[in-house]
Amino acid sequence: MSSSQHVAEKDAPDISNGMVMLLAVATGLIVANLYYAQTLVGPISAATGLSAEAAGLIVTLTQIGYTIGLLFIVPLGDLLENRRLIFTGLLFTSAMLIVAAFSTSAWLFLVAALGIGLGSVAAQIIVPFAAHLSKEATRGHTVGKVVSGLLLGIMLARPVASLVADATNWHVVFGGAAVIVLAVAIILRAKLPERVPVSEITYPALLASLWHLFATTPVLRRRAAYHAGLFGSFSLFWTVAPLMLAGPQFHLSQTGIAIFALVGMAGAVASPIAGRLADAGHTLMATAAALALGVIAFALPMLAPESAAMRNVSLGILVVASIVLDMGVAANLVLGQRAIFSLGAHVRSRLNGVYFALFFAGGALGSALGGWVYAEHGWHAALLTGMAFPGLALIYWMTEYAGATSTQRNPA
C-alpha cells in the first residue's frame with residue numbers, strides 16, 4: 001500500500017454499525033445458496049430424473065462453481081469497482097436460482113448448481129470490502145460481525161431448506177432464494193459506497209499473482225492450513241451427524257434434524273469475540289483455543305452412552321458438541337481473515353480468494369472422507385477422523401508457537 005493510500009484509509013471515518021449489519025446479513029443470505037440443496041438431494045433427484053449414483057453432483061457442482069469463482073472472480077475485487085462487481089454477481093446468482101427452481105431435467109439443474117456456486121462468491125468480495133471500510137483498530141471486530149452473518153447463513157440454510165420443502169416443495173426454496181438475492185443486490189447497489197482499487201495490473205497478471213502471494217506469504221499459508229483443518233472437521237460433522245441422527249439410535253425426522261442444526265448455530269457467537277481478541281493482539285493463543293475446541297467437539301460424543309434409556313443424554317451431548325465445533329470454526333475463520341486483511345488493502349480480495357479456496361478444499365476432503373468412513377467403519381471411526389483434522393492443525397500451530405517463543409527469548 002502506498003503512503004497516500006495508507007493516510008486516506010487512516011483518515012476515513014470508521015464503518016457504521018448499520019453498514020456492518022447490512023453486510024453481515026447480505027453475506028449470510030448469499031452464502032446460504034451453497035447449502036440449500038444439501039438436504040434436498042433426494043427430492044431434487046427424484047424430480048429431475050438424476051440417478052442415485054450421480055445425486056452427489058448436485059452438491060459437488062455447487063462447490064466446484066464456488067471454488068472456480070474464488071480463484072477467478074474474487075481476485076477482481078483488487079482490479080474492478082467493488083460495488084458493481086458485487087451487484088453483477090448477485091444478478092447472475094438470482095438468475096441461476098430461478099433456473100434451478102424451474103428445472104425439470106437433471107442437466108439443467110446441474111448447470112444451475114454450477115452457476116449458483118460461481119455467483120455466490122460475491123459474499124467473498126463483501127468481506128474484504130468491510131475490512132476496507134474499517135479502521136485498523138476495529139477491523140477484527142468488524143470482520144468478526146460480518147463473518148458471524150456468513151456463518152449463520154451456512155448454519156441456517158440446511159434447516160430452513162428442509163422446513164420450507166416439508167411445508168411446500170423444493171422449487172419454492174430456490175424460487176424464494178432468487179427473490180431474496182435480487183433484493184440484496186438492489187439494496188447493496190443503493191447503500192454501498194463506490195470502491196475503485198488503485199491498480200494498473202492486468203487480469204492475467206492478477207491471476208498469476210495468486211501463486212506468488214501463496215508462495216511468499218507465510219501468514220496466508222498458515223491461516224489456510226489451520227482453517228482447512230477446522231473446516232474439514234466441520235464438513236465431516238455435518239455430513240455424518242444427520243445420518244447418525246436419522247439412524248436407529250435417535251430416529252429423528254427431517255424436521256428434528258433441522259431443529260438440531262438450528263441449535264448448533266449458537267456457536268456463531270464466537271466470531272465477534274475472536275475479532276476483539278485479534279484486535280487486542282491475542283491471535284496466536286486464540287487460534288490454539290479455536291483448534292482445541294475442534295478436537296473437543298469430536299471427543300465429547302465418544303463419551304455419550306449408547307443405551308436407548310440414555311438417548312436424550314446422548315442427544316444433548318451431541319448438541320453441545322455441535323455448538324463447540326461451530327464456535328471453533330467461527331472464531332478461527334475471523335482470526336484468519338483478520339490476519340490476512342492486515343497485509344494490505346491492495347491484495348485483500350486475492351488473499352481472501354486464495355484463503356477460502358484452500359480451506360474449502362479441506363472441507364471437501366472432510367465431507368467425502370466422513371461419508372466413506374461412516375459407511376465403512378461406523379460412527380466412532382468418523383469421530384476419530386473428524387478429530388484428526390483440527391488435531392493435525394494444532395500440531396502445526398505448535399511450530400508457530402515455538403517460533404514466537406524463540407523470538408521473544410532471543411530478540412534480534
# chains A, B, ... in the order shown; residues from 1 in each chain; ligands from 1
>>> residues_around(residues="Gly140 (chain A)", least_positions_apart="6", cutoff="10 Å", atoms="only C-alpha atoms", output="ChimeraX atom specification")
/A:131,134,146,271-280,334-339,341-342
>>> select_by_dssp(residues="region 203-375 of chain A", states="alpha helix (DSSP H)", output="PyMOL selection string")
chain A and resi 203-216+218-246+254-264+270-279+283-299+311-341+348-375
>>> residues_around(residues="region 84-97 of chain A", least_positions_apart="6", cutoff="7 Å", atoms="only C-alpha atoms", output="list in words")
Ala112, Gly115, Ile116, Gly119, Ser120, Ala122, Ile125, Phe174, Gly175, Ala177, Ala178, Val181, Leu182, Ala185 and Arg189 of chain A
>>> write_last_selection(atoms="N, CA and C atoms", output="JSON list (two decimals), in the first residue's frame")
[["chain", "number", "residue", "atom", "x", "y", "z"],
["A", 112, "ALA", "N", -27.37, -25.09, -13.42],
["A", 112, "ALA", "CA", -27.77, -24.04, -12.48],
["A", 112, "ALA", "C", -26.99, -24.13, -11.18],
["A", 115, "GLY", "N", -23.66, -22.61, -11.65],
["A", 115, "GLY", "CA", -23.80, -21.15, -11.71],
["A", 115, "GLY", "C", -24.09, -20.53, -10.35],
["A", 116, "ILE", "N", -24.88, -21.20, -9.53],
["A", 116, "ILE", "CA", -25.18, -20.69, -8.19],
["A", 116, "ILE", "C", -23.89, -20.57, -7.37],
["A", 119, "GLY", "N", -21.69, -17.57, -8.82],
["A", 119, "GLY", "CA", -22.14, -16.22, -8.48],
["A", 119, "GLY", "C", -22.10, -15.90, -7.00],
["A", 120, "SER", "N", -22.22, -16.94, -6.16],
["A", 120, "SER", "CA", -22.28, -16.71, -4.72],
["A", 120, "SER", "C", -20.96, -16.25, -4.11],
["A", 122, "ALA", "N", -19.78, -13.59, -4.54],
["A", 122, "ALA", "CA", -19.96, -12.17, -4.20],
["A", 122, "ALA", "C", -19.80, -11.95, -2.71],
["A", 125, "ILE", "N", -16.36, -11.05, -1.82],
["A", 125, "ILE", "CA", -15.93, -9.70, -2.20],
["A", 125, "ILE", "C", -16.42, -8.71, -1.15],
["A", 174, "PHE", "N", -35.76, -22.61, -3.92],
["A", 174, "PHE", "CA", -34.89, -21.91, -4.87],
["A", 174, "PHE", "C", -35.55, -20.67, -5.45],
["A", 175, "GLY", "N", -36.86, -20.72, -5.67],
["A", 175, "GLY", "CA", -37.55, -19.53, -6.14],
["A", 175, "GLY", "C", -37.52, -18.41, -5.12],
["A", 177, "ALA", "N", -35.27, -18.06, -2.76],
["A", 177, "ALA", "CA", -33.88, -17.60, -2.67],
["A", 177, "ALA", "C", -33.54, -16.62, -3.80],
["A", 178, "ALA", "N", -34.08, -16.86, -5.00],
["A", 178, "ALA", "CA", -33.84, -15.96, -6.14],
["A", 178, "ALA", "C", -34.37, -14.57, -5.85],
["A", 181, "VAL", "N", -32.09, -12.89, -3.12],
["A", 181, "VAL", "CA", -30.79, -12.44, -3.65],
["A", 181, "VAL", "C", -30.96, -11.20, -4.52],
["A", 182, "LEU", "N", -32.02, -11.15, -5.30],
["A", 182, "LEU", "CA", -32.28, -9.96, -6.11],
["A", 182, "LEU", "C", -32.50, -8.74, -5.23],
["A", 185, "ALA", "N", -29.18, -7.60, -3.87],
["A", 185, "ALA", "CA", -28.42, -6.91, -4.91],
["A", 185, "ALA", "C", -28.85, -5.45, -5.04],
["A", 189, "ARG", "N", -26.58, -2.21, -3.97],
["A", 189, "ARG", "CA", -26.29, -1.22, -5.03],
["A", 189, "ARG", "C", -26.62, 0.19, -4.55]]
>>> closest_atom_pairs(of="region 36-77 of chain A", to="region 22-32 of chain A", cutoff="10 Å", atoms="only C-alpha atoms", output="Markdown table")
| residue | atom | partner | partner_atom | distance |
| --- | --- | --- | --- | --- |
| A:Tyr36 | CA | A:Ala32 | CA | 6.6 |
| A:Ala37 | CA | A:Ala32 | CA | 9.8 |
| A:Tyr66 | CA | A:Val31 | CA | 9.8 |
>>> closest_residue(among="A:Pro43, A:Gly49, A:Pro128, A:Pro248", to="Gly353 (chain A)", atoms="only C-alpha atoms")
A:Pro128
>>> decode(residues="region 228-253 of chain A", atoms="N, CA and C atoms", output="short mmCIF file (atom, residue, chain, number, x, y, z; two decimals), in the first residue's frame")
data_model
loop_
_atom_site.label_atom_id
_atom_site.label_comp_id
_atom_site.auth_asym_id
_atom_site.auth_seq_id
_atom_site.Cartn_x
_atom_site.Cartn_y
_atom_site.Cartn_z
N ALA A 228 -8.30 -25.06 7.10
CA ALA A 228 -8.61 -26.28 6.35
C ALA A 228 -8.87 -27.43 7.31
N GLY A 229 -8.09 -27.47 8.41
CA GLY A 229 -8.30 -28.49 9.42
C GLY A 229 -9.65 -28.36 10.10
N LEU A 230 -10.00 -27.14 10.50
CA LEU A 230 -11.28 -26.95 11.18
C LEU A 230 -12.46 -27.07 10.23
N PHE A 231 -12.34 -26.53 9.03
CA PHE A 231 -13.47 -26.60 8.10
C PHE A 231 -13.65 -28.03 7.58
N GLY A 232 -12.54 -28.78 7.50
CA GLY A 232 -12.64 -30.19 7.14
C GLY A 232 -13.44 -30.96 8.18
N SER A 233 -13.17 -30.68 9.46
CA SER A 233 -13.92 -31.35 10.53
C SER A 233 -15.37 -30.89 10.56
N PHE A 234 -15.60 -29.62 10.27
CA PHE A 234 -16.96 -29.06 10.23
C PHE A 234 -17.78 -29.75 9.13
N SER A 235 -17.19 -29.87 7.95
CA SER A 235 -17.89 -30.51 6.83
C SER A 235 -18.14 -31.99 7.11
N LEU A 236 -17.17 -32.64 7.72
CA LEU A 236 -17.33 -34.05 8.08
C LEU A 236 -18.48 -34.21 9.07
N PHE A 237 -18.51 -33.37 10.10
CA PHE A 237 -19.55 -33.48 11.12
C PHE A 237 -20.94 -33.32 10.52
N TRP A 238 -21.11 -32.28 9.69
CA TRP A 238 -22.44 -32.00 9.17
C TRP A 238 -22.82 -32.90 7.99
N THR A 239 -21.87 -33.72 7.52
CA THR A 239 -22.19 -34.78 6.57
C THR A 239 -22.64 -36.03 7.31
N VAL A 240 -21.95 -36.35 8.40
CA VAL A 240 -22.18 -37.60 9.12
C VAL A 240 -23.27 -37.48 10.18
N ALA A 241 -23.31 -36.37 10.91
CA ALA A 241 -24.27 -36.23 12.02
C ALA A 241 -25.73 -36.43 11.59
N PRO A 242 -26.17 -35.84 10.46
CA PRO A 242 -27.56 -36.10 10.06
C PRO A 242 -27.85 -37.58 9.80
N LEU A 243 -26.85 -38.31 9.28
CA LEU A 243 -27.03 -39.75 9.07
C LEU A 243 -27.18 -40.47 10.40
N MET A 244 -26.38 -40.07 11.37
CA MET A 244 -26.45 -40.67 12.70
C MET A 244 -27.78 -40.34 13.38
N LEU A 245 -28.21 -39.09 13.25
CA LEU A 245 -29.45 -38.65 13.90
C LEU A 245 -30.68 -39.34 13.31
N ALA A 246 -30.62 -39.65 12.03
CA ALA A 246 -31.75 -40.33 11.39
C ALA A 246 -31.71 -41.84 11.59
N GLY A 247 -30.59 -42.34 12.13
CA GLY A 247 -30.39 -43.77 12.30
C GLY A 247 -31.14 -44.38 13.47
N PRO A 248 -30.84 -45.64 13.77
CA PRO A 248 -31.60 -46.38 14.78
C PRO A 248 -31.45 -45.87 16.21
N GLN A 249 -30.36 -45.16 16.51
CA GLN A 249 -30.19 -44.70 17.89
C GLN A 249 -31.10 -43.52 18.23
N PHE A 250 -31.31 -42.59 17.26
CA PHE A 250 -32.07 -41.38 17.56
C PHE A 250 -33.41 -41.29 16.82
N HIS A 251 -33.49 -41.84 15.61
CA HIS A 251 -34.74 -41.85 14.84
C HIS A 251 -35.33 -40.45 14.65
N LEU A 252 -34.48 -39.44 14.41
CA LEU A 252 -35.01 -38.09 14.21
C LEU A 252 -35.56 -37.92 12.80
N SER A 253 -36.64 -37.17 12.70
CA SER A 253 -37.22 -36.85 11.40
C SER A 253 -36.40 -35.74 10.74
#
